[in-house]
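What follows is a single structure, written as structure tokens, with notes after it.
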Amino acid sequence: MKAAVLGTGSWGTALAQVLADNGNETVLWGRNQQETDDINLNHHNMKAFPDPLNPSLTASTDMHCIQDADLLLAAVPTSAIETVLNQAIACLDHPVIVINVAKGFHPVTHERMSVFIRRIMPAQYVKAIVSLIGPSHAEEVIQRKLTAINAVSEDEGAARIIQQLFSNDYFRVYRNTDVIGTEIGAALKNIMAIASGILEGIGQGDNARAALMTRGLAEMERYGVAFGAHPETFLGLDGVGDLIVTCTSRLSRNFMAGYQIGIENSADHFMKTNTKTVEGLSACRIVYEEAKERHIDMPITTAVYHVLYENGIPDQEITALMHRDLKSEEQR
Ligand SMILES: NC(=O)C1=CN([C@@H]2O[C@H](COP(=O)(O)OP(=O)(O)OC[C@H]3O[C@@H](n4cnc5c(N)ncnc54)[C@H](O)[C@@H]3O)[C@@H](O)[C@H]2O)C=CC1
Ligand SMILES: O=C(CO)COP(=O)(O)O
């Protein structure tokens, strides 16, 4: 198989290395010449990692590098995916399996990533769409540390191909057909990771984090089910799995965003200065708006929304959450 990976960021580079480790010819497309030179000449992507890369990886800033690929893996943030896929479409002349790894929603239409990709990719260029999502810090995958993730598609044959293609000694791929539940789980856990970082930043402890993760999971499931997800999906890699890895780790940019906001007891400075990919910021806005319209009870998302977008004070939002009407709380 020849694979083309769009994006020379941390996740694109790490997944390209998994493909290269498995013997696939793999090229990365990126917009930054310095990064593609670093990959081609030094077998490094210093902007993303200090670790050396599989030397068989190549990179290019010319989108024509995707032309003979069997597989197109989009590894750019949700905010950039439309621009980048449109550039890719202009260079395609044959059908490919499209893999999405972004966790979030289209910033304007609020579509899940696979829905958005299906809408903008001309049907004659799409063999299948698969989301490859799960608890997976790129910093660990690049060091070939053990990771398990889901290949998600309604097309079980395509999910099976992706499962075989990526699985190896350190990377184990499961399959799931609940596209709605997995994509919603992978997006909403970023909101909970921001909340978890806030708790850490304001000096709360393990009890608070356990409560947040448990109630956060209930919220993710409630939202997902309202959109047609299977509730059991949220007990899998794209629910509780990804929730654990991001709510408890300083490798998570969403957690670290929350941590800074918690320390400062305000999101003001962070929102004005952040340049990193923190998908939970736009996911929070989108989920807040969608939940409001559909009357889905999302107390943690609402509190994070107040902090990020309405100058809410983190410790006051937490006090308000603790004083919610007890009668409305279910047992779990
Ligand atoms: N880093 C990780 O551990 C994981 C990331 N993801 C998801 O993967 C997606 C990408 O994340 P990362 O690779 O970590 O982000 P990153 O910030 O490390 O890299 C993003 C890449 O996209 C490129 N890019 C951004 N805007 C662009 C534009 N307008 N045109 C062309 N290229 C553009 C950047 O140049 C960079 O190469 C996100 O949705 C993230 O949630 C999912 C699982 C793990
Ligand atoms: O999705 C991830 C791990 O599964 C990466 O999390 P962050 O985007 O918060 O770094």
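The chains in the structure tokens are called A, B, ... from first to last as shown; in each chain the residues are counted from 1, and the ligands are counted from 1 in the order shown.
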*Return as a PyMOL selection string every polymer residue, whether protein, DNA or RNA, with at least one atom no more than 9 Å from an atom of ligand 2; count only C-alpha atoms and all ligand atoms.*
chain A and resi 11+102-103+133-138+149+186-187+189-190+193-194+238+241-247+249-257+277-280
Output file for the residues above (C-alpha atoms, as a short mmCIF file (atom, residue, chain, number, x, y, z; two decimals), in the first residue's frame):
data_model
loop_
_atom_site.label_atom_id
_atom_site.label_comp_id
_atom_site.auth_asym_id
_atom_site.auth_seq_id
_atom_site.Cartn_x
_atom_site.Cartn_y
_atom_site.Cartn_z
CA TRP A 11 -0.25 13.03 15.07
CA ALA A 102 -9.15 14.69 13.84
CA LYS A 103 -11.20 14.81 17.04
CA ILE A 133 -9.48 7.36 16.91
CA GLY A 134 -8.77 6.32 20.48
CA PRO A 135 -6.56 7.01 23.51
CA SER A 136 -3.25 7.82 21.86
CA HIS A 137 -0.74 10.51 22.70
CA ALA A 138 1.47 11.04 19.65
CA ILE A 149 -7.17 2.52 19.06
CA ALA A 186 -13.51 11.41 20.84
CA ALA A 187 -14.62 15.04 20.47
CA LYS A 189 -13.54 14.02 25.94
CA ASN A 190 -11.47 17.11 25.00
CA ALA A 193 -9.92 17.22 29.66
CA ILE A 194 -10.06 21.03 29.79
CA ASP A 238 -13.47 6.30 22.35
CA GLY A 241 -10.47 5.15 27.24
CA ASP A 242 -9.82 8.52 25.66
CA LEU A 243 -11.34 10.26 28.68
CA ILE A 244 -8.75 8.63 30.96
CA VAL A 245 -5.76 9.38 28.75
CA THR A 246 -6.57 13.06 28.34
CA CYS A 247 -8.10 13.89 31.74
CA SER A 249 -2.08 13.40 31.50
CA ARG A 250 0.18 16.39 31.11
CA LEU A 251 0.83 15.22 27.54
CA SER A 252 -2.71 16.36 26.70
CA ARG A 253 -2.88 19.88 25.28
CA ASN A 254 -6.53 20.10 26.34
CA PHE A 255 -5.63 19.17 29.91
CA MET A 256 -2.73 21.64 29.92
CA ALA A 257 -4.97 24.40 28.54
CA THR A 277 -4.06 22.70 18.64
CA VAL A 278 -6.60 22.50 21.48
CA GLU A 279 -9.68 20.94 19.88
CA GLY A 280 -11.78 21.14 23.06
#
Set the distance at 12 Å and use only C-alpha atoms: which residues neighbour A:Ala80 once local chain neighbours fewer than 5 positions away are removed? I'd like the list as a PDB file with C-alpha atoms, in the first residue's frame.
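Dumped to out.pdb:
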ATOM      1  CA  LEU A   6      -1.825  15.209   5.182  1.00  0.00           C
ATOM      2  CA  GLY A   7      -0.170  17.213   7.966  1.00  0.00           C
ATOM      3  CA  ARG A  31       2.768  23.224   4.281  1.00  0.00           C
ATOM      4  CA  ALA A  74      -6.047  13.576   7.074  1.00  0.00           C
ATOM      5  CA  ALA A  75      -4.108  14.637  10.183  1.00  0.00           C
ATOM      6  CA  LEU A  85      -8.936  18.399   1.749  1.00  0.00           C
ATOM      7  CA  ASN A  86      -9.931  20.815  -1.010  1.00  0.00           C
ATOM      8  CA  GLN A  87      -6.256  21.063  -1.990  1.00  0.00           C
ATOM      9  CA  ALA A 102      -9.150  14.690  13.835  1.00  0.00           C
ATOM     10  CA  GLY A 104     -13.928  17.386  16.851  1.00  0.00           C
ATOM     11  CA  PHE A 105     -16.541  18.941  14.597  1.00  0.00           C
ATOM     12  CA  HIS A 106     -16.505  21.185  11.542  1.00  0.00           C
ATOM     13  CA  PRO A 107     -16.231  24.699  13.009  1.00  0.00           C
ATOM     14  CA  VAL A 108     -19.049  26.182  10.914  1.00  0.00           C
ATOM     15  CA  MET A 113     -15.654  14.693  10.653  1.00  0.00           C
ATOM     16  CA  THR A 277      -4.065  22.696  18.645  1.00  0.00           C
ATOM     17  CA  GLU A 279      -9.684  20.936  19.882  1.00  0.00           C
TER      18      GLU A 279
END
List the neighbours of A:Gly224 out to 12 Å using only C-alpha atoms; skip same-chain residues closer than 4 positions along the sequence, and give me the result as a short mmCIF file (atom, residue, chain, number, x, y, z; two decimals) with C-alpha atoms, in the first residue's frame.
data_model
loop_
_atom_site.label_atom_id
_atom_site.label_comp_id
_atom_site.auth_asym_id
_atom_site.auth_seq_id
_atom_site.Cartn_x
_atom_site.Cartn_y
_atom_site.Cartn_z
CA ARG A 112 -18.87 15.18 12.61
CA ASP A 178 -20.83 3.05 15.84
CA VAL A 179 -19.46 6.03 13.92
CA ILE A 180 -21.75 8.50 15.72
CA GLY A 181 -20.81 7.34 19.23
CA THR A 182 -17.07 7.04 18.67
CA GLU A 183 -16.71 10.40 16.89
CA ILE A 184 -18.80 12.14 19.53
CA GLY A 185 -16.87 10.46 22.35
CA ALA A 186 -13.51 11.41 20.84
CA ALA A 187 -14.62 15.04 20.47
CA LEU A 188 -16.33 15.52 23.84
CA LYS A 189 -13.54 14.02 25.94
CA LEU A 217 -18.74 10.33 30.85
CA ALA A 218 -22.46 10.46 31.71
CA GLU A 219 -22.65 13.78 29.89
CA MET A 220 -20.81 12.43 26.82
CA GLY A 228 -28.19 8.25 17.78
CA ALA A 229 -25.09 6.73 19.42
CA HIS A 230 -25.12 3.37 21.21
CA PRO A 231 -24.65 3.94 24.97
CA GLU A 232 -22.16 1.04 25.31
CA THR A 233 -19.75 2.78 22.91
CA PHE A 234 -18.90 5.21 25.72
CA ASP A 238 -13.47 6.30 22.35
CA GLY A 239 -15.36 6.94 25.57
CA VAL A 287 -21.59 21.19 21.86
CA GLU A 290 -26.20 22.13 19.91
CA ALA A 291 -27.16 20.96 23.42
CA ILE A 296 -29.66 18.18 26.42
CA ASP A 297 -28.49 18.67 30.00
CA MET A 298 -24.71 19.32 29.83
#
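Nearest-residue note for ligand 1: choosing from A:Ala90, A:Asp62, A:Leu132, A:Asn24, the minimum distance belongs to A:Leu132, counting only C-alpha atoms and all ligand atoms.
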Long-range neighbours of A:Asp206 as a PDB file with N, CA and C atoms, in the first residue's frame, 12 Å cut-off, only C-alpha atoms, 5 positions minimum in chain:
ATOM      1  N   SER A 196     -10.825  18.943  33.530  1.00  0.00           N
ATOM      2  CA  SER A 196      -9.937  18.227  34.456  1.00  0.00           C
ATOM      3  C   SER A 196      -8.674  19.049  34.733  1.00  0.00           C
ATOM      4  N   GLY A 197      -8.137  19.679  33.684  1.00  0.00           N
ATOM      5  CA  GLY A 197      -6.960  20.541  33.859  1.00  0.00           C
ATOM      6  C   GLY A 197      -7.281  21.729  34.755  1.00  0.00           C
ATOM      7  N   LEU A 199      -9.465  21.805  37.174  1.00  0.00           N
ATOM      8  CA  LEU A 199      -9.497  21.312  38.561  1.00  0.00           C
ATOM      9  C   LEU A 199      -8.085  21.195  39.126  1.00  0.00           C
ATOM     10  N   GLU A 200      -7.196  20.624  38.317  1.00  0.00           N
ATOM     11  CA  GLU A 200      -5.785  20.477  38.754  1.00  0.00           C
ATOM     12  C   GLU A 200      -5.179  21.858  39.017  1.00  0.00           C
ATOM     13  N   ALA A 211     -14.710  12.388  40.156  1.00  0.00           N
ATOM     14  CA  ALA A 211     -16.100  12.845  40.002  1.00  0.00           C
ATOM     15  C   ALA A 211     -16.296  13.448  38.612  1.00  0.00           C
ATOM     16  N   LEU A 212     -15.335  14.279  38.216  1.00  0.00           N
ATOM     17  CA  LEU A 212     -15.433  14.940  36.897  1.00  0.00           C
ATOM     18  C   LEU A 212     -15.472  13.908  35.776  1.00  0.00           C
ATOM     19  N   MET A 213     -14.592  12.916  35.848  1.00  0.00           N
ATOM     20  CA  MET A 213     -14.528  11.942  34.760  1.00  0.00           C
ATOM     21  C   MET A 213     -15.815  11.101  34.709  1.00  0.00           C
ATOM     22  N   CYS A 247      -7.761  13.207  30.476  1.00  0.00           N
ATOM     23  CA  CYS A 247      -8.097  13.889  31.741  1.00  0.00           C
ATOM     24  C   CYS A 247      -7.017  13.708  32.807  1.00  0.00           C
ATOM     25  N   THR A 248      -6.057  12.804  32.562  1.00  0.00           N
ATOM     26  CA  THR A 248      -5.083  12.509  33.619  1.00  0.00           C
ATOM     27  C   THR A 248      -3.650  12.762  33.182  1.00  0.00           C
TER      28      THR A 248
END
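Of the listed residues (A:Gly216, A:Val225, A:Pro314, A:Thr275), A:Gly216 comes nearest to A:Thr301; the distances count only C-alpha atoms.
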*Might you pull out every residue within 12 Å of A:Met121, with only C-alpha atoms counted and same-chain residues fewer than 5 positions away left off, and present them as a ChimeraX atom specification?*
/A:72,81-82,84-90,92,94-98,113-116,126-129
Residues from the last selection, C-alpha atoms, saved as a compact mmCIF listing (two decimals), in the first residue's frame:
# COMPACT_ATOMS: atom_id res chain seq x y z
CA LEU A 72 -5.26 9.37 2.29
CA ILE A 81 -9.46 20.14 7.31
CA GLU A 82 -11.70 21.83 4.72
CA VAL A 84 -6.47 20.94 3.16
CA LEU A 85 -8.94 18.40 1.75
CA ASN A 86 -9.93 20.82 -1.01
CA GLN A 87 -6.26 21.06 -1.99
CA ALA A 88 -6.02 17.26 -1.96
CA ILE A 89 -9.19 16.81 -4.04
CA ALA A 90 -7.68 19.02 -6.74
CA LEU A 92 -6.71 13.25 -6.90
CA HIS A 94 -8.55 7.91 -8.49
CA PRO A 95 -10.51 6.54 -5.49
CA VAL A 96 -8.79 6.21 -2.11
CA ILE A 97 -9.66 5.13 1.41
CA VAL A 98 -9.88 8.36 3.42
CA MET A 113 -15.65 14.69 10.65
CA SER A 114 -16.77 11.64 8.65
CA VAL A 115 -20.03 13.38 7.69
CA PHE A 116 -18.12 16.45 6.57
CA VAL A 126 -13.82 7.85 -2.11
CA LYS A 127 -13.55 4.08 -1.64
CA ALA A 128 -14.47 4.36 2.04
CA ILE A 129 -14.14 6.70 5.03
